[in-house]
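A short worksheet on the structure shown next.
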Amino acid sequence: MKHFDELGIVPDDNRKMFNCPQISISDIINCEIEVLDYIADVKTQHGDNRYLVHFRKSGAEGKFFSNSKAVKDILDKIPESEFPFLTTICTVKCGSGKMYKFT
């Protein structure tokens with residue numbers, strides 16, 4: 001019987017993957033992080049068009065999902081050559097809810 005690696009099959013999927021723990025964005029509010037990369041338009045159980053953000057804080061890498069329009073708009077405007085960058089995520093009250101933004 002052959003091993004899978006002997007079959008010569010190469011996955012067509014070249015998408016990015018971040019092999020690190022997933023955290024809640026609320027765990028890093030008001031903390032400086034280094035944004036390493038992101039993946040746009042991710043479908044999750046909570047809906048479509050989420051962004052998966054890869055970051056480093058105090059030497060440890062992590063990732064979080066965001067549906068914040070402010071965060072997504074900013075990430076889309078940053079040229080790939082400007083990654084990584086430092087930022088702090090803060091919350092701003094918005095009616096009865098809140099929104100996240102980079103500062």
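Just so we're on the same page: first chain in the structure tokens is A, next is B, and so on; residues restart at 1 for each chain, and ligands are numbered from 1 in the order they show up.
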
Tell me which protein, DNA and RNA residues are within 9 Å of Arg56 in chain A, counting only C-alpha atoms, leaving out same-chain ones fewer than 6 positions away, and put them as a list of chain:residue names.
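Selected residues are A:Ile33, A:Glu34, A:Val35, A:Leu36, A:Gly62, A:Lys63.
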
So that I can see what lies close to Cys94 in chain A, please list as an mmCIF file with N, CA, C and O atoms, in the first residue's frame the residues with an atom at most 12 Å from it, counting only C-alpha atoms and leaving out residues fewer than 6 positions away in the same chain.
```
data_model
loop_
_atom_site.group_PDB
_atom_site.id
_atom_site.type_symbol
_atom_site.label_atom_id
_atom_site.label_comp_id
_atom_site.auth_asym_id
_atom_site.auth_seq_id
_atom_site.Cartn_x
_atom_site.Cartn_y
_atom_site.Cartn_z
ATOM 1 N N SER A 68 -15.533 44.277 11.617
ATOM 2 C CA SER A 68 -15.562 45.720 11.783
ATOM 3 C C SER A 68 -15.252 46.404 10.451
ATOM 4 O O SER A 68 -14.186 46.190 9.871
ATOM 5 N N TYR A 100 -14.768 48.599 16.509
ATOM 6 C CA TYR A 100 -13.324 48.477 16.734
ATOM 7 C C TYR A 100 -12.601 49.313 15.695
ATOM 8 O O TYR A 100 -13.050 49.431 14.547
ATOM 9 N N LYS A 101 -11.464 49.888 16.099
ATOM 10 C CA LYS A 101 -10.650 50.628 15.134
ATOM 11 C C LYS A 101 -9.197 50.571 15.551
ATOM 12 O O LYS A 101 -8.860 50.339 16.712
#
```

Excluding range 80-86 of chain A and its own-chain neighbours fewer than 5 positions away, which residues fall within 12 Å of it when counting only C-alpha atoms? Please give them as an mmCIF file with N, CA, C and O atoms, in the first residue's frame.
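Written out: result.cif:
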```cif
data_model
loop_
_atom_site.group_PDB
_atom_site.id
_atom_site.type_symbol
_atom_site.label_atom_id
_atom_site.label_comp_id
_atom_site.auth_asym_id
_atom_site.auth_seq_id
_atom_site.Cartn_x
_atom_site.Cartn_y
_atom_site.Cartn_z
ATOM 1 N N CYS A 31 -4.191 47.077 23.690
ATOM 2 C CA CYS A 31 -2.841 46.495 23.755
ATOM 3 C C CYS A 31 -2.167 46.741 22.401
ATOM 4 O O CYS A 31 -2.800 46.585 21.358
ATOM 5 N N GLU A 32 -0.902 47.105 22.443
ATOM 6 C CA GLU A 32 -0.187 47.275 21.182
ATOM 7 C C GLU A 32 0.116 45.907 20.594
ATOM 8 O O GLU A 32 0.587 45.014 21.291
ATOM 9 N N ILE A 33 -0.212 45.755 19.312
ATOM 10 C CA ILE A 33 0.063 44.511 18.598
ATOM 11 C C ILE A 33 0.798 44.831 17.306
ATOM 12 O O ILE A 33 0.762 45.963 16.815
ATOM 13 N N GLU A 34 1.444 43.835 16.767
ATOM 14 C CA GLU A 34 2.082 43.929 15.462
ATOM 15 C C GLU A 34 1.217 43.139 14.487
ATOM 16 O O GLU A 34 1.066 41.923 14.646
ATOM 17 N N VAL A 35 0.598 43.824 13.542
ATOM 18 C CA VAL A 35 -0.227 43.149 12.545
ATOM 19 C C VAL A 35 0.707 42.601 11.471
ATOM 20 O O VAL A 35 1.438 43.347 10.825
ATOM 21 N N LEU A 36 0.688 41.283 11.316
ATOM 22 C CA LEU A 36 1.593 40.606 10.394
ATOM 23 C C LEU A 36 0.995 40.417 9.002
ATOM 24 O O LEU A 36 1.692 40.531 8.000
ATOM 25 N N ASP A 37 -0.305 40.118 8.961
ATOM 26 C CA ASP A 37 -0.952 39.817 7.690
ATOM 27 C C ASP A 37 -2.452 39.682 7.941
ATOM 28 O O ASP A 37 -2.897 39.726 9.088
ATOM 29 N N TYR A 38 -3.214 39.499 6.888
ATOM 30 C CA TYR A 38 -4.646 39.242 7.037
ATOM 31 C C TYR A 38 -5.163 38.513 5.806
ATOM 32 O O TYR A 38 -4.531 38.507 4.754
ATOM 33 N N ILE A 39 -6.315 37.905 5.980
ATOM 34 C CA ILE A 39 -7.018 37.259 4.874
ATOM 35 C C ILE A 39 -8.404 37.896 4.805
ATOM 36 O O ILE A 39 -9.126 37.927 5.810
ATOM 37 N N VAL A 53 -7.214 38.241 10.943
ATOM 38 C CA VAL A 53 -6.032 39.076 11.144
ATOM 39 C C VAL A 53 -4.987 38.292 11.936
ATOM 40 O O VAL A 53 -5.278 37.758 13.008
ATOM 41 N N HIS A 54 -3.792 38.220 11.394
ATOM 42 C CA HIS A 54 -2.653 37.536 12.016
ATOM 43 C C HIS A 54 -1.802 38.597 12.705
ATOM 44 O O HIS A 54 -1.427 39.592 12.092
ATOM 45 N N PHE A 55 -1.498 38.386 13.979
ATOM 46 C CA PHE A 55 -0.780 39.400 14.749
ATOM 47 C C PHE A 55 0.229 38.763 15.697
ATOM 48 O O PHE A 55 0.239 37.551 15.923
ATOM 49 N N ARG A 56 1.072 39.612 16.262
ATOM 50 C CA ARG A 56 2.028 39.206 17.299
ATOM 51 C C ARG A 56 1.909 40.186 18.451
ATOM 52 O O ARG A 56 1.837 41.393 18.252
ATOM 53 N N LYS A 57 1.896 39.647 19.664
ATOM 54 C CA LYS A 57 1.861 40.464 20.883
ATOM 55 C C LYS A 57 2.812 39.830 21.879
ATOM 56 O O LYS A 57 2.689 38.643 22.181
ATOM 57 N N SER A 58 3.765 40.601 22.345
ATOM 58 C CA SER A 58 4.748 40.114 23.318
ATOM 59 C C SER A 58 5.430 38.839 22.837
ATOM 60 O O SER A 58 5.644 37.898 23.605
ATOM 61 N N LEU A 75 -7.342 47.929 6.681
ATOM 62 C CA LEU A 75 -6.478 46.854 6.184
ATOM 63 C C LEU A 75 -6.413 46.855 4.662
ATOM 64 O O LEU A 75 -5.345 46.643 4.084
ATOM 65 N N PHE A 102 -8.319 50.787 14.566
ATOM 66 C CA PHE A 102 -6.883 50.861 14.811
ATOM 67 C C PHE A 102 -6.535 52.276 15.210
ATOM 68 O O PHE A 102 -7.107 53.234 14.701
ATOM 69 N N THR A 103 -5.577 52.418 16.112
ATOM 70 C CA THR A 103 -5.081 53.748 16.480
ATOM 71 C C THR A 103 -3.574 53.756 16.366
ATOM 72 O O THR A 103 -2.937 52.732 16.338
#
```

Might you pull out every residue within 12 Å of His46 in chain A, with only C-alpha atoms counted and same-chain residues fewer than 6 positions away left off, and present them as a list in words?
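The filter keeps Phe65, Ser66 and Asn67 of chain A.
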
Selection export as a PDB file, in the first residue's frame, atoms kept: C-alpha atoms:
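Below is the file selection-v7.pdb, written as the result:
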```pdb
ATOM      1  CA  PHE A  65     -11.749  37.407  13.109  1.00  0.00           C
ATOM      2  CA  SER A  66     -13.215  40.841  12.535  1.00  0.00           C
ATOM      3  CA  ASN A  67     -16.311  42.118  10.818  1.00  0.00           C
TER       4      ASN A  67
END
```

Strand (DSSP E) residues, from DSSP on the backbone, in chain A, as a PDB file with N, CA, C and O atoms, in the first residue's frame:
```pdb
ATOM      1  N   GLU A  32      -0.902  47.105  22.443  1.00  0.00           N
ATOM      2  CA  GLU A  32      -0.187  47.275  21.182  1.00  0.00           C
ATOM      3  C   GLU A  32       0.116  45.907  20.594  1.00  0.00           C
ATOM      4  O   GLU A  32       0.587  45.014  21.291  1.00  0.00           O
ATOM      5  N   ILE A  33      -0.212  45.755  19.312  1.00  0.00           N
ATOM      6  CA  ILE A  33       0.063  44.511  18.598  1.00  0.00           C
ATOM      7  C   ILE A  33       0.798  44.831  17.306  1.00  0.00           C
ATOM      8  O   ILE A  33       0.762  45.963  16.815  1.00  0.00           O
ATOM      9  N   GLU A  34       1.444  43.835  16.767  1.00  0.00           N
ATOM     10  CA  GLU A  34       2.082  43.929  15.462  1.00  0.00           C
ATOM     11  C   GLU A  34       1.217  43.139  14.487  1.00  0.00           C
ATOM     12  O   GLU A  34       1.066  41.923  14.646  1.00  0.00           O
ATOM     13  N   VAL A  35       0.598  43.824  13.542  1.00  0.00           N
ATOM     14  CA  VAL A  35      -0.227  43.149  12.545  1.00  0.00           C
ATOM     15  C   VAL A  35       0.707  42.601  11.471  1.00  0.00           C
ATOM     16  O   VAL A  35       1.438  43.347  10.825  1.00  0.00           O
ATOM     17  N   LEU A  36       0.688  41.283  11.316  1.00  0.00           N
ATOM     18  CA  LEU A  36       1.593  40.606  10.394  1.00  0.00           C
ATOM     19  C   LEU A  36       0.995  40.417   9.002  1.00  0.00           C
ATOM     20  O   LEU A  36       1.692  40.531   8.000  1.00  0.00           O
ATOM     21  N   ASP A  37      -0.305  40.118   8.961  1.00  0.00           N
ATOM     22  CA  ASP A  37      -0.952  39.817   7.690  1.00  0.00           C
ATOM     23  C   ASP A  37      -2.452  39.682   7.941  1.00  0.00           C
ATOM     24  O   ASP A  37      -2.897  39.726   9.088  1.00  0.00           O
ATOM     25  N   TYR A  38      -3.214  39.499   6.888  1.00  0.00           N
ATOM     26  CA  TYR A  38      -4.646  39.242   7.037  1.00  0.00           C
ATOM     27  C   TYR A  38      -5.163  38.513   5.806  1.00  0.00           C
ATOM     28  O   TYR A  38      -4.531  38.507   4.754  1.00  0.00           O
ATOM     29  N   ILE A  39      -6.315  37.905   5.980  1.00  0.00           N
ATOM     30  CA  ILE A  39      -7.018  37.259   4.874  1.00  0.00           C
ATOM     31  C   ILE A  39      -8.404  37.896   4.805  1.00  0.00           C
ATOM     32  O   ILE A  39      -9.126  37.927   5.810  1.00  0.00           O
ATOM     33  N   ALA A  40      -8.765  38.396   3.643  1.00  0.00           N
ATOM     34  CA  ALA A  40     -10.059  39.051   3.458  1.00  0.00           C
ATOM     35  C   ALA A  40     -11.124  38.039   3.039  1.00  0.00           C
ATOM     36  O   ALA A  40     -10.815  36.961   2.531  1.00  0.00           O
ATOM     37  N   ASP A  41     -12.369  38.424   3.250  1.00  0.00           N
ATOM     38  CA  ASP A  41     -13.530  37.688   2.745  1.00  0.00           C
ATOM     39  C   ASP A  41     -13.586  36.230   3.181  1.00  0.00           C
ATOM     40  O   ASP A  41     -13.775  35.328   2.371  1.00  0.00           O
ATOM     41  N   VAL A  42     -13.449  35.999   4.472  1.00  0.00           N
ATOM     42  CA  VAL A  42     -13.518  34.649   5.029  1.00  0.00           C
ATOM     43  C   VAL A  42     -14.954  34.378   5.468  1.00  0.00           C
ATOM     44  O   VAL A  42     -15.586  35.214   6.117  1.00  0.00           O
ATOM     45  N   LYS A  43     -15.461  33.212   5.114  1.00  0.00           N
ATOM     46  CA  LYS A  43     -16.801  32.814   5.541  1.00  0.00           C
ATOM     47  C   LYS A  43     -16.672  32.041   6.853  1.00  0.00           C
ATOM     48  O   LYS A  43     -15.877  31.110   6.954  1.00  0.00           O
ATOM     49  N   THR A  44     -17.451  32.451   7.862  1.00  0.00           N
ATOM     50  CA  THR A  44     -17.441  31.777   9.150  1.00  0.00           C
ATOM     51  C   THR A  44     -18.871  31.392   9.518  1.00  0.00           C
ATOM     52  O   THR A  44     -19.810  31.736   8.816  1.00  0.00           O
ATOM     53  N   GLY A  47     -21.058  34.422   9.589  1.00  0.00           N
ATOM     54  CA  GLY A  47     -21.389  35.156   8.376  1.00  0.00           C
ATOM     55  C   GLY A  47     -20.243  35.225   7.388  1.00  0.00           C
ATOM     56  O   GLY A  47     -19.143  34.736   7.637  1.00  0.00           O
ATOM     57  N   ASP A  48     -20.517  35.850   6.267  1.00  0.00           N
ATOM     58  CA  ASP A  48     -19.533  36.015   5.193  1.00  0.00           C
ATOM     59  C   ASP A  48     -18.744  37.305   5.380  1.00  0.00           C
ATOM     60  O   ASP A  48     -19.090  38.144   6.214  1.00  0.00           O
ATOM     61  N   ASN A  49     -17.703  37.450   4.561  1.00  0.00           N
ATOM     62  CA  ASN A  49     -16.923  38.680   4.467  1.00  0.00           C
ATOM     63  C   ASN A  49     -16.248  39.091   5.771  1.00  0.00           C
ATOM     64  O   ASN A  49     -16.097  40.273   6.058  1.00  0.00           O
ATOM     65  N   ARG A  50     -15.830  38.126   6.576  1.00  0.00           N
ATOM     66  CA  ARG A  50     -15.041  38.413   7.777  1.00  0.00           C
ATOM     67  C   ARG A  50     -13.570  38.500   7.372  1.00  0.00           C
ATOM     68  O   ARG A  50     -13.159  37.964   6.351  1.00  0.00           O
ATOM     69  N   TYR A  51     -12.774  39.198   8.156  1.00  0.00           N
ATOM     70  CA  TYR A  51     -11.336  39.259   7.938  1.00  0.00           C
ATOM     71  C   TYR A  51     -10.657  38.492   9.055  1.00  0.00           C
ATOM     72  O   TYR A  51     -11.044  38.606  10.221  1.00  0.00           O
ATOM     73  N   LEU A  52      -9.655  37.708   8.693  1.00  0.00           N
ATOM     74  CA  LEU A  52      -8.845  36.989   9.664  1.00  0.00           C
ATOM     75  C   LEU A  52      -7.513  37.720   9.759  1.00  0.00           C
ATOM     76  O   LEU A  52      -6.790  37.843   8.769  1.00  0.00           O
ATOM     77  N   VAL A  53      -7.214  38.241  10.943  1.00  0.00           N
ATOM     78  CA  VAL A  53      -6.032  39.076  11.144  1.00  0.00           C
ATOM     79  C   VAL A  53      -4.987  38.292  11.936  1.00  0.00           C
ATOM     80  O   VAL A  53      -5.278  37.758  13.008  1.00  0.00           O
ATOM     81  N   HIS A  54      -3.792  38.220  11.394  1.00  0.00           N
ATOM     82  CA  HIS A  54      -2.653  37.536  12.016  1.00  0.00           C
ATOM     83  C   HIS A  54      -1.802  38.597  12.705  1.00  0.00           C
ATOM     84  O   HIS A  54      -1.427  39.592  12.092  1.00  0.00           O
ATOM     85  N   PHE A  55      -1.498  38.386  13.979  1.00  0.00           N
ATOM     86  CA  PHE A  55      -0.780  39.400  14.749  1.00  0.00           C
ATOM     87  C   PHE A  55       0.229  38.763  15.697  1.00  0.00           C
ATOM     88  O   PHE A  55       0.239  37.551  15.923  1.00  0.00           O
ATOM     89  N   ARG A  56       1.072  39.612  16.262  1.00  0.00           N
ATOM     90  CA  ARG A  56       2.028  39.206  17.299  1.00  0.00           C
ATOM     91  C   ARG A  56       1.909  40.186  18.451  1.00  0.00           C
ATOM     92  O   ARG A  56       1.837  41.393  18.252  1.00  0.00           O
ATOM     93  N   LYS A  57       1.896  39.647  19.664  1.00  0.00           N
ATOM     94  CA  LYS A  57       1.861  40.464  20.883  1.00  0.00           C
ATOM     95  C   LYS A  57       2.812  39.830  21.879  1.00  0.00           C
ATOM     96  O   LYS A  57       2.689  38.643  22.181  1.00  0.00           O
ATOM     97  N   ALA A  60       4.335  36.430  21.018  1.00  0.00           N
ATOM     98  CA  ALA A  60       3.446  35.306  20.710  1.00  0.00           C
ATOM     99  C   ALA A  60       2.509  35.681  19.573  1.00  0.00           C
ATOM    100  O   ALA A  60       1.945  36.775  19.561  1.00  0.00           O
ATOM    101  N   GLU A  61       2.340  34.769  18.623  1.00  0.00           N
ATOM    102  CA  GLU A  61       1.443  35.018  17.497  1.00  0.00           C
ATOM    103  C   GLU A  61       0.032  34.558  17.815  1.00  0.00           C
ATOM    104  O   GLU A  61      -0.173  33.637  18.607  1.00  0.00           O
ATOM    105  N   GLY A  62      -0.926  35.206  17.180  1.00  0.00           N
ATOM    106  CA  GLY A  62      -2.327  34.847  17.320  1.00  0.00           C
ATOM    107  C   GLY A  62      -3.092  35.328  16.105  1.00  0.00           C
ATOM    108  O   GLY A  62      -2.528  35.946  15.192  1.00  0.00           O
ATOM    109  N   LYS A  63      -4.387  35.038  16.105  1.00  0.00           N
ATOM    110  CA  LYS A  63      -5.252  35.492  15.018  1.00  0.00           C
ATOM    111  C   LYS A  63      -6.631  35.763  15.585  1.00  0.00           C
ATOM    112  O   LYS A  63      -7.031  35.179  16.597  1.00  0.00           O
ATOM    113  N   PHE A  64      -7.334  36.693  14.946  1.00  0.00           N
ATOM    114  CA  PHE A  64      -8.705  36.977  15.333  1.00  0.00           C
ATOM    115  C   PHE A  64      -9.525  37.302  14.091  1.00  0.00           C
ATOM    116  O   PHE A  64      -8.985  37.749  13.082  1.00  0.00           O
ATOM    117  N   PHE A  65     -10.822  37.045  14.178  1.00  0.00           N
ATOM    118  CA  PHE A  65     -11.749  37.407  13.109  1.00  0.00           C
ATOM    119  C   PHE A  65     -12.341  38.766  13.410  1.00  0.00           C
ATOM    120  O   PHE A  65     -12.589  39.102  14.559  1.00  0.00           O
ATOM    121  N   SER A  66     -12.581  39.541  12.359  1.00  0.00           N
ATOM    122  CA  SER A  66     -13.215  40.841  12.535  1.00  0.00           C
ATOM    123  C   SER A  66     -14.216  41.073  11.416  1.00  0.00           C
ATOM    124  O   SER A  66     -13.960  40.735  10.257  1.00  0.00           O
ATOM    125  N   PHE A  85       3.032  46.064  10.774  1.00  0.00           N
ATOM    126  CA  PHE A  85       2.968  47.405  11.362  1.00  0.00           C
ATOM    127  C   PHE A  85       2.416  47.283  12.779  1.00  0.00           C
ATOM    128  O   PHE A  85       1.761  46.295  13.129  1.00  0.00           O
ATOM    129  N   LEU A  86       2.704  48.295  13.593  1.00  0.00           N
ATOM    130  CA  LEU A  86       2.234  48.322  14.978  1.00  0.00           C
ATOM    131  C   LEU A  86       0.962  49.137  15.091  1.00  0.00           C
ATOM    132  O   LEU A  86       0.817  50.167  14.423  1.00  0.00           O
ATOM    133  N   THR A  87       0.049  48.691  15.927  1.00  0.00           N
ATOM    134  CA  THR A  87      -1.185  49.420  16.177  1.00  0.00           C
ATOM    135  C   THR A  87      -1.762  48.999  17.517  1.00  0.00           C
ATOM    136  O   THR A  87      -1.344  48.000  18.099  1.00  0.00           O
ATOM    137  N   THR A  88      -2.716  49.764  17.972  1.00  0.00           N
ATOM    138  CA  THR A  88      -3.504  49.420  19.147  1.00  0.00           C
ATOM    139  C   THR A  88      -4.964  49.403  18.702  1.00  0.00           C
ATOM    140  O   THR A  88      -5.416  50.311  18.008  1.00  0.00           O
ATOM    141  N   ILE A  89      -5.681  48.362  19.068  1.00  0.00           N
ATOM    142  CA  ILE A  89      -7.096  48.274  18.733  1.00  0.00           C
ATOM    143  C   ILE A  89      -7.887  48.851  19.893  1.00  0.00           C
ATOM    144  O   ILE A  89      -7.680  48.476  21.050  1.00  0.00           O
ATOM    145  N   CYS A  90      -8.753  49.785  19.583  1.00  0.00           N
ATOM    146  CA  CYS A  90      -9.592  50.361  20.637  1.00  0.00           C
ATOM    147  C   CYS A  90     -11.054  50.235  20.221  1.00  0.00           C
ATOM    148  O   CYS A  90     -11.363  49.943  19.078  1.00  0.00           O
ATOM    149  N   THR A  91     -11.925  50.452  21.174  1.00  0.00           N
ATOM    150  CA  THR A  91     -13.361  50.406  20.897  1.00  0.00           C
ATOM    151  C   THR A  91     -13.932  51.811  20.996  1.00  0.00           C
ATOM    152  O   THR A  91     -13.471  52.639  21.778  1.00  0.00           O
ATOM    153  N   VAL A  92     -14.940  52.056  20.196  1.00  0.00           N
ATOM    154  CA  VAL A  92     -15.645  53.326  20.197  1.00  0.00           C
ATOM    155  C   VAL A  92     -17.124  53.002  20.314  1.00  0.00           C
ATOM    156  O   VAL A  92     -17.634  52.145  19.580  1.00  0.00           O
ATOM    157  N   LYS A  93     -17.818  53.675  21.257  1.00  0.00           N
ATOM    158  CA  LYS A  93     -19.257  53.455  21.385  1.00  0.00           C
ATOM    159  C   LYS A  93     -19.957  53.926  20.121  1.00  0.00           C
ATOM    160  O   LYS A  93     -19.646  54.980  19.575  1.00  0.00           O
ATOM    161  N   CYS A  94     -20.922  53.138  19.707  1.00  0.00           N
ATOM    162  CA  CYS A  94     -21.669  53.445  18.485  1.00  0.00           C
ATOM    163  C   CYS A  94     -23.117  53.063  18.748  1.00  0.00           C
ATOM    164  O   CYS A  94     -23.488  51.899  18.615  1.00  0.00           O
ATOM    165  N   GLY A  97     -24.142  49.799  20.646  1.00  0.00           N
ATOM    166  CA  GLY A  97     -23.066  48.832  20.442  1.00  0.00           C
ATOM    167  C   GLY A  97     -21.709  49.499  20.495  1.00  0.00           C
ATOM    168  O   GLY A  97     -21.542  50.575  21.059  1.00  0.00           O
ATOM    169  N   LYS A  98     -20.737  48.830  19.897  1.00  0.00           N
ATOM    170  CA  LYS A  98     -19.392  49.386  19.831  1.00  0.00           C
ATOM    171  C   LYS A  98     -18.758  48.968  18.509  1.00  0.00           C
ATOM    172  O   LYS A  98     -19.194  48.027  17.864  1.00  0.00           O
ATOM    173  N   MET A  99     -17.763  49.722  18.115  1.00  0.00           N
ATOM    174  CA  MET A  99     -16.998  49.368  16.919  1.00  0.00           C
ATOM    175  C   MET A  99     -15.526  49.363  17.267  1.00  0.00           C
ATOM    176  O   MET A  99     -15.101  50.015  18.236  1.00  0.00           O
ATOM    177  N   TYR A 100     -14.768  48.599  16.509  1.00  0.00           N
ATOM    178  CA  TYR A 100     -13.324  48.477  16.734  1.00  0.00           C
ATOM    179  C   TYR A 100     -12.601  49.313  15.695  1.00  0.00           C
ATOM    180  O   TYR A 100     -13.050  49.431  14.547  1.00  0.00           O
ATOM    181  N   LYS A 101     -11.464  49.888  16.099  1.00  0.00           N
ATOM    182  CA  LYS A 101     -10.650  50.628  15.134  1.00  0.00           C
ATOM    183  C   LYS A 101      -9.197  50.571  15.551  1.00  0.00           C
ATOM    184  O   LYS A 101      -8.860  50.339  16.712  1.00  0.00           O
ATOM    185  N   PHE A 102      -8.319  50.787  14.566  1.00  0.00           N
ATOM    186  CA  PHE A 102      -6.883  50.861  14.811  1.00  0.00           C
ATOM    187  C   PHE A 102      -6.535  52.276  15.210  1.00  0.00           C
ATOM    188  O   PHE A 102      -7.107  53.234  14.701  1.00  0.00           O
TER     189      PHE A 102
END
```

So which one's closest to Val71 in chain A, A:Ile25, A:Asp5, A:Gly59, A:Cys20? Using only C-alpha atoms, please.
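Looking only at the distances to Val71 in chain A, the closest residue turns out to be A:Ile25.
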
Calculate how many Å separate CA of Asn30 in chain A from CA of Gln45 in chain A, rounding to one decimal.
26.7 Å

What is the CA of His3 in chain A to CA of Arg15 in chain A distance in Å?
24.5 Å

Mind pulling up the distance from CA of Ile29 in chain A to CA of Met17 in chain A?
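CA of Ile29 in chain A lies at a distance of 23.6 Å from CA of Met17 in chain A.
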
Got a sec to tell me which of chain A DSSP assigns to alpha helix (DSSP H), as JSON, numbers by chain?
{"A": [69, 70, 71, 72, 73, 74, 75, 76, 77]}
